[in-house]
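Peer 1: Sharing protein11.cif, mmCIF, C-alpha atoms:
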data_coords
loop_
_atom_site.label_atom_id
_atom_site.label_comp_id
_atom_site.auth_asym_id
_atom_site.auth_seq_id
_atom_site.Cartn_x
_atom_site.Cartn_y
_atom_site.Cartn_z
CA MET Q 1 -5.39 -0.39 6.96
CA GLU Q 2 -2.33 -0.32 4.66
CA LYS Q 3 -1.38 -3.90 5.60
CA GLU Q 4 -4.96 -5.03 4.90
CA LYS Q 5 -4.90 -3.38 1.46
CA THR Q 6 -1.56 -5.06 0.62
CA MET Q 7 -2.77 -8.44 1.87
CA LYS Q 8 -5.56 -8.51 -0.72
CA ARG Q 9 -3.18 -7.81 -3.57
CA TYR Q 10 -2.44 -11.48 -4.33
CA GLN Q 11 -4.53 -14.61 -4.37
CA ALA Q 12 -3.84 -18.33 -4.59
CA GLY Q 13 -2.57 -19.25 -8.04
CA ASP Q 14 -0.94 -15.90 -8.85
CA ILE Q 15 2.60 -16.07 -10.24
CA VAL Q 16 4.95 -13.67 -8.43
CA LYS Q 17 8.63 -13.00 -7.93
CA LEU Q 18 10.71 -11.15 -5.38
CA LYS Q 19 11.49 -7.56 -6.35
CA SER Q 20 15.13 -8.36 -5.59
CA GLY Q 21 15.16 -11.28 -8.05
CA GLY Q 22 14.93 -15.04 -7.86
CA PRO Q 23 12.65 -17.69 -9.34
CA GLU Q 24 9.01 -17.27 -10.22
CA MET Q 25 6.79 -18.49 -7.41
CA THR Q 26 3.15 -19.51 -7.14
CA VAL Q 27 1.03 -18.06 -4.36
CA GLN Q 28 -0.25 -21.08 -2.46
CA ALA Q 29 -2.33 -19.28 0.18
CA MET Q 30 -2.64 -16.02 2.04
CA THR Q 31 -1.60 -15.89 5.69
CA SER Q 32 -1.79 -13.09 8.24
CA ASP Q 33 1.97 -12.50 7.62
CA GLY Q 34 1.76 -12.42 3.81
CA PRO Q 35 1.47 -14.79 0.85
CA ARG Q 36 2.77 -18.35 1.28
CA CYS Q 37 4.59 -19.05 -1.98
CA GLN Q 38 6.04 -22.21 -3.45
CA TRP Q 39 8.72 -22.70 -6.11
CA PHE Q 40 11.17 -25.30 -7.36
CA ALA Q 41 14.86 -25.16 -6.47
CA GLY Q 42 16.13 -27.70 -8.96
CA LYS Q 43 13.83 -30.66 -8.36
CA LYS Q 44 13.03 -29.74 -4.76
CA LEU Q 45 9.76 -28.00 -3.96
CA GLU Q 46 10.36 -25.10 -1.56
CA SER Q 47 7.91 -22.77 0.17
CA GLY Q 48 7.99 -19.66 2.31
CA ILE Q 49 5.97 -16.70 3.52
CA PHE Q 50 6.95 -13.29 2.16
CA PRO Q 51 5.79 -9.75 2.90
CA SER Q 52 3.50 -8.64 0.08
CA ALA Q 53 5.56 -5.47 -0.33
CA SER Q 54 8.59 -7.57 -1.34
CA LEU Q 55 6.73 -9.25 -4.23
CA GLU Q 56 5.66 -8.19 -7.70
CA PRO Q 57 3.66 -9.98 -10.38
CA ALA Q 58 5.85 -12.09 -12.64
CA SER Q 59 5.57 -11.44 -16.35
CA VAL Q 60 3.78 -14.52 -17.60
CA LYS Q 61 3.98 -15.44 -21.27
CA PRO Q 62 0.60 -15.13 -23.00
CA GLN Q 63 -1.06 -18.40 -23.91
CA ILE Q 64 -0.88 -19.39 -27.55
CA PRO Q 65 -4.36 -20.01 -28.98
CA VAL Q 66 -5.02 -23.56 -30.11
CA ARG Q 67 -5.84 -23.82 -33.80
CA GLY Q 68 -9.61 -24.19 -34.30
CA SER Q 69 -10.47 -23.03 -30.76
CA GLY Q 70 -12.14 -19.83 -31.94
CA GLY Q 71 -8.99 -17.70 -32.05
CA THR Q 72 -7.98 -15.61 -35.05
CA ASP Q 73 -5.98 -18.51 -36.51
CA SER Q 74 -8.92 -20.83 -37.29
#
Please express what this file holds, its structure, as structure tokens.

Peer 2:
Amino acid sequence: MEKEKTMKRYQAGDIVKLKSGGPEMTVQAMTSDGPRCQWFAGKKLESGIFPSASLEPASVKPQIPVRGSGGTDS
């Protein structure tokens, strides 16, 4: 039950990072072993499967509203 609850924590497209550090990664897909993530190491695209418990959401910068798009800066 606990593994099932953890498995649903992330979905494809989420930006995550390892709790121990490292680059930001994008969740590519969920597998029975955990999220398959991808990231760039220099110019090389890498991927790997990580236990959900070893990941945390990455702090993503908020999007800047485009002038005239209905934001407060129109």

Peer 1: Determine the residue set returned by the PyMOL selection byres ((chain Q and resi 17) around 9) for the present structure, and present it as a list in words.

Peer 2: Ile15, Val16, Leu18, Lys19, Ser20, Gly21, Gly22, Pro23, Glu24, Met25, Thr26, Ser54, Leu55, Glu56, Pro57 and Ala58 of chain Q

Peer 1: Take the residues that were just selected and, keeping C-alpha atoms, output them as a CSV table (one decimal), keeping the file's coordinate frame.

Peer 2:
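Written file, result-v1.csv:
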chain,number,residue,atom,x,y,z
Q,15,ILE,CA,2.6,-16.1,-10.2
Q,16,VAL,CA,5.0,-13.7,-8.4
Q,18,LEU,CA,10.7,-11.2,-5.4
Q,19,LYS,CA,11.5,-7.6,-6.4
Q,20,SER,CA,15.1,-8.4,-5.6
Q,21,GLY,CA,15.2,-11.3,-8.0
Q,22,GLY,CA,14.9,-15.0,-7.9
Q,23,PRO,CA,12.6,-17.7,-9.3
Q,24,GLU,CA,9.0,-17.3,-10.2
Q,25,MET,CA,6.8,-18.5,-7.4
Q,26,THR,CA,3.2,-19.5,-7.1
Q,54,SER,CA,8.6,-7.6,-1.3
Q,55,LEU,CA,6.7,-9.2,-4.2
Q,56,GLU,CA,5.7,-8.2,-7.7
Q,57,PRO,CA,3.7,-10.0,-10.4
Q,58,ALA,CA,5.8,-12.1,-12.6

Peer 1: Using the chain letters and numbering of this document, enumerate as a ChimeraX atom specification the residues selected by the PyMOL selection byres ((chain Q and resi 33) around 9).

Peer 2: /Q:7,30-32,34-36,49-52

Peer 1: Select, counting all atoms listed in the file, all protein, DNA and RNA residues no farther than 6 Å from (-1.4, -22.3, -3.5) in file coordinates, and express the selection as a list in words.

Peer 2: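 Answer for this query, in the requested form: Ala12, Gly13, Val27, Gln28 and Ala29 of chain Q.
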
Peer 1: What gap, in Å, lies between CA of Glu46 (chain Q) and CA of Ile64 (chain Q)?

Peer 2: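 Atom-to-atom, CA of Glu46 (chain Q) and CA of Ile64 (chain Q) are spaced 28.9 Å apart.
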
Peer 1: State, in Å with one decimal place, the distance from CA of Lys43 (chain Q) to CA of Tyr10 (chain Q).

Peer 2: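 Between CA of Lys43 (chain Q) and CA of Tyr10 (chain Q) the gap works out to 25.5 Å.
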
Peer 1: Please complete region 20-42 of chain Q so it has N, CA, C and O atoms, and hand it over as a tab-separated table (two decimals), in the frame of the given file.

Peer 2:
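Generated output (result_28.tsv):
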chain	number	residue	atom	x	y	z
Q	20	SER	N	13.67	-8.29	-5.56
Q	20	SER	CA	15.13	-8.36	-5.59
Q	20	SER	C	15.65	-9.46	-6.51
Q	20	SER	O	16.85	-9.60	-6.66
Q	21	GLY	N	14.75	-10.22	-7.13
Q	21	GLY	CA	15.16	-11.28	-8.05
Q	21	GLY	C	14.82	-12.65	-7.51
Q	21	GLY	O	14.23	-12.79	-6.45
Q	22	GLY	N	15.20	-13.67	-8.27
Q	22	GLY	CA	14.93	-15.04	-7.86
Q	22	GLY	C	13.93	-15.70	-8.79
Q	22	GLY	O	13.49	-15.11	-9.78
Q	23	PRO	N	13.55	-16.94	-8.46
Q	23	PRO	CA	12.65	-17.69	-9.34
Q	23	PRO	C	11.21	-17.20	-9.26
Q	23	PRO	O	10.82	-16.53	-8.29
Q	24	GLU	N	10.44	-17.53	-10.28
Q	24	GLU	CA	9.01	-17.27	-10.22
Q	24	GLU	C	8.42	-18.21	-9.19
Q	24	GLU	O	8.86	-19.36	-9.05
Q	25	MET	N	7.42	-17.72	-8.46
Q	25	MET	CA	6.79	-18.49	-7.41
Q	25	MET	C	5.28	-18.44	-7.59
Q	25	MET	O	4.75	-17.48	-8.15
Q	26	THR	N	4.60	-19.47	-7.11
Q	26	THR	CA	3.15	-19.51	-7.14
Q	26	THR	C	2.62	-19.24	-5.75
Q	26	THR	O	3.08	-19.85	-4.78
Q	27	VAL	N	1.66	-18.32	-5.65
Q	27	VAL	CA	1.03	-18.06	-4.36
Q	27	VAL	C	0.17	-19.27	-4.03
Q	27	VAL	O	-0.73	-19.64	-4.79
Q	28	GLN	N	0.47	-19.89	-2.90
Q	28	GLN	CA	-0.25	-21.08	-2.46
Q	28	GLN	C	-1.45	-20.69	-1.61
Q	28	GLN	O	-2.53	-21.25	-1.75
Q	29	ALA	N	-1.26	-19.73	-0.71
Q	29	ALA	CA	-2.33	-19.28	0.18
Q	29	ALA	C	-1.93	-17.96	0.79
Q	29	ALA	O	-0.75	-17.60	0.81
Q	30	MET	N	-2.90	-17.26	1.31
Q	30	MET	CA	-2.64	-16.02	2.04
Q	30	MET	C	-2.63	-16.33	3.53
Q	30	MET	O	-3.46	-17.09	4.00
Q	31	THR	N	-1.67	-15.76	4.24
Q	31	THR	CA	-1.60	-15.89	5.69
Q	31	THR	C	-1.66	-14.49	6.29
Q	31	THR	O	-1.59	-13.49	5.56
Q	32	SER	N	-1.75	-14.41	7.59
Q	32	SER	CA	-1.79	-13.09	8.24
Q	32	SER	C	-0.45	-12.36	8.10
Q	32	SER	O	-0.38	-11.15	8.23
Q	33	ASP	N	0.64	-13.11	7.79
Q	33	ASP	CA	1.97	-12.50	7.62
Q	33	ASP	C	2.30	-12.18	6.17
Q	33	ASP	O	3.31	-11.54	5.89
Q	34	GLY	N	1.50	-12.65	5.22
Q	34	GLY	CA	1.76	-12.42	3.81
Q	34	GLY	C	1.49	-13.68	3.01
Q	34	GLY	O	1.10	-14.71	3.56
Q	35	PRO	N	1.72	-13.62	1.70
Q	35	PRO	CA	1.47	-14.79	0.85
Q	35	PRO	C	2.45	-15.93	1.15
Q	35	PRO	O	3.64	-15.70	1.30
Q	36	ARG	N	1.92	-17.15	1.24
Q	36	ARG	CA	2.77	-18.35	1.28
Q	36	ARG	C	2.98	-18.74	-0.17
Q	36	ARG	O	2.02	-18.99	-0.90
Q	37	CYS	N	4.24	-18.75	-0.60
Q	37	CYS	CA	4.59	-19.05	-1.98
Q	37	CYS	C	5.33	-20.36	-2.06
Q	37	CYS	O	5.99	-20.78	-1.10
Q	38	GLN	N	5.25	-21.00	-3.22
Q	38	GLN	CA	6.04	-22.21	-3.45
Q	38	GLN	C	6.74	-22.10	-4.80
Q	38	GLN	O	6.26	-21.43	-5.71
Q	39	TRP	N	7.90	-22.75	-4.90
Q	39	TRP	CA	8.72	-22.70	-6.11
Q	39	TRP	C	9.62	-23.92	-6.11
Q	39	TRP	O	9.77	-24.61	-5.11
Q	40	PHE	N	10.22	-24.20	-7.25
Q	40	PHE	CA	11.17	-25.30	-7.36
Q	40	PHE	C	12.59	-24.76	-7.33
Q	40	PHE	O	12.93	-23.82	-8.02
Q	41	ALA	N	13.42	-25.40	-6.51
Q	41	ALA	CA	14.86	-25.16	-6.47
Q	41	ALA	C	15.47	-26.44	-7.01
Q	41	ALA	O	15.61	-27.42	-6.28
Q	42	GLY	N	15.75	-26.45	-8.31
Q	42	GLY	CA	16.13	-27.70	-8.96
Q	42	GLY	C	14.90	-28.58	-9.02
Q	42	GLY	O	13.88	-28.19	-9.56
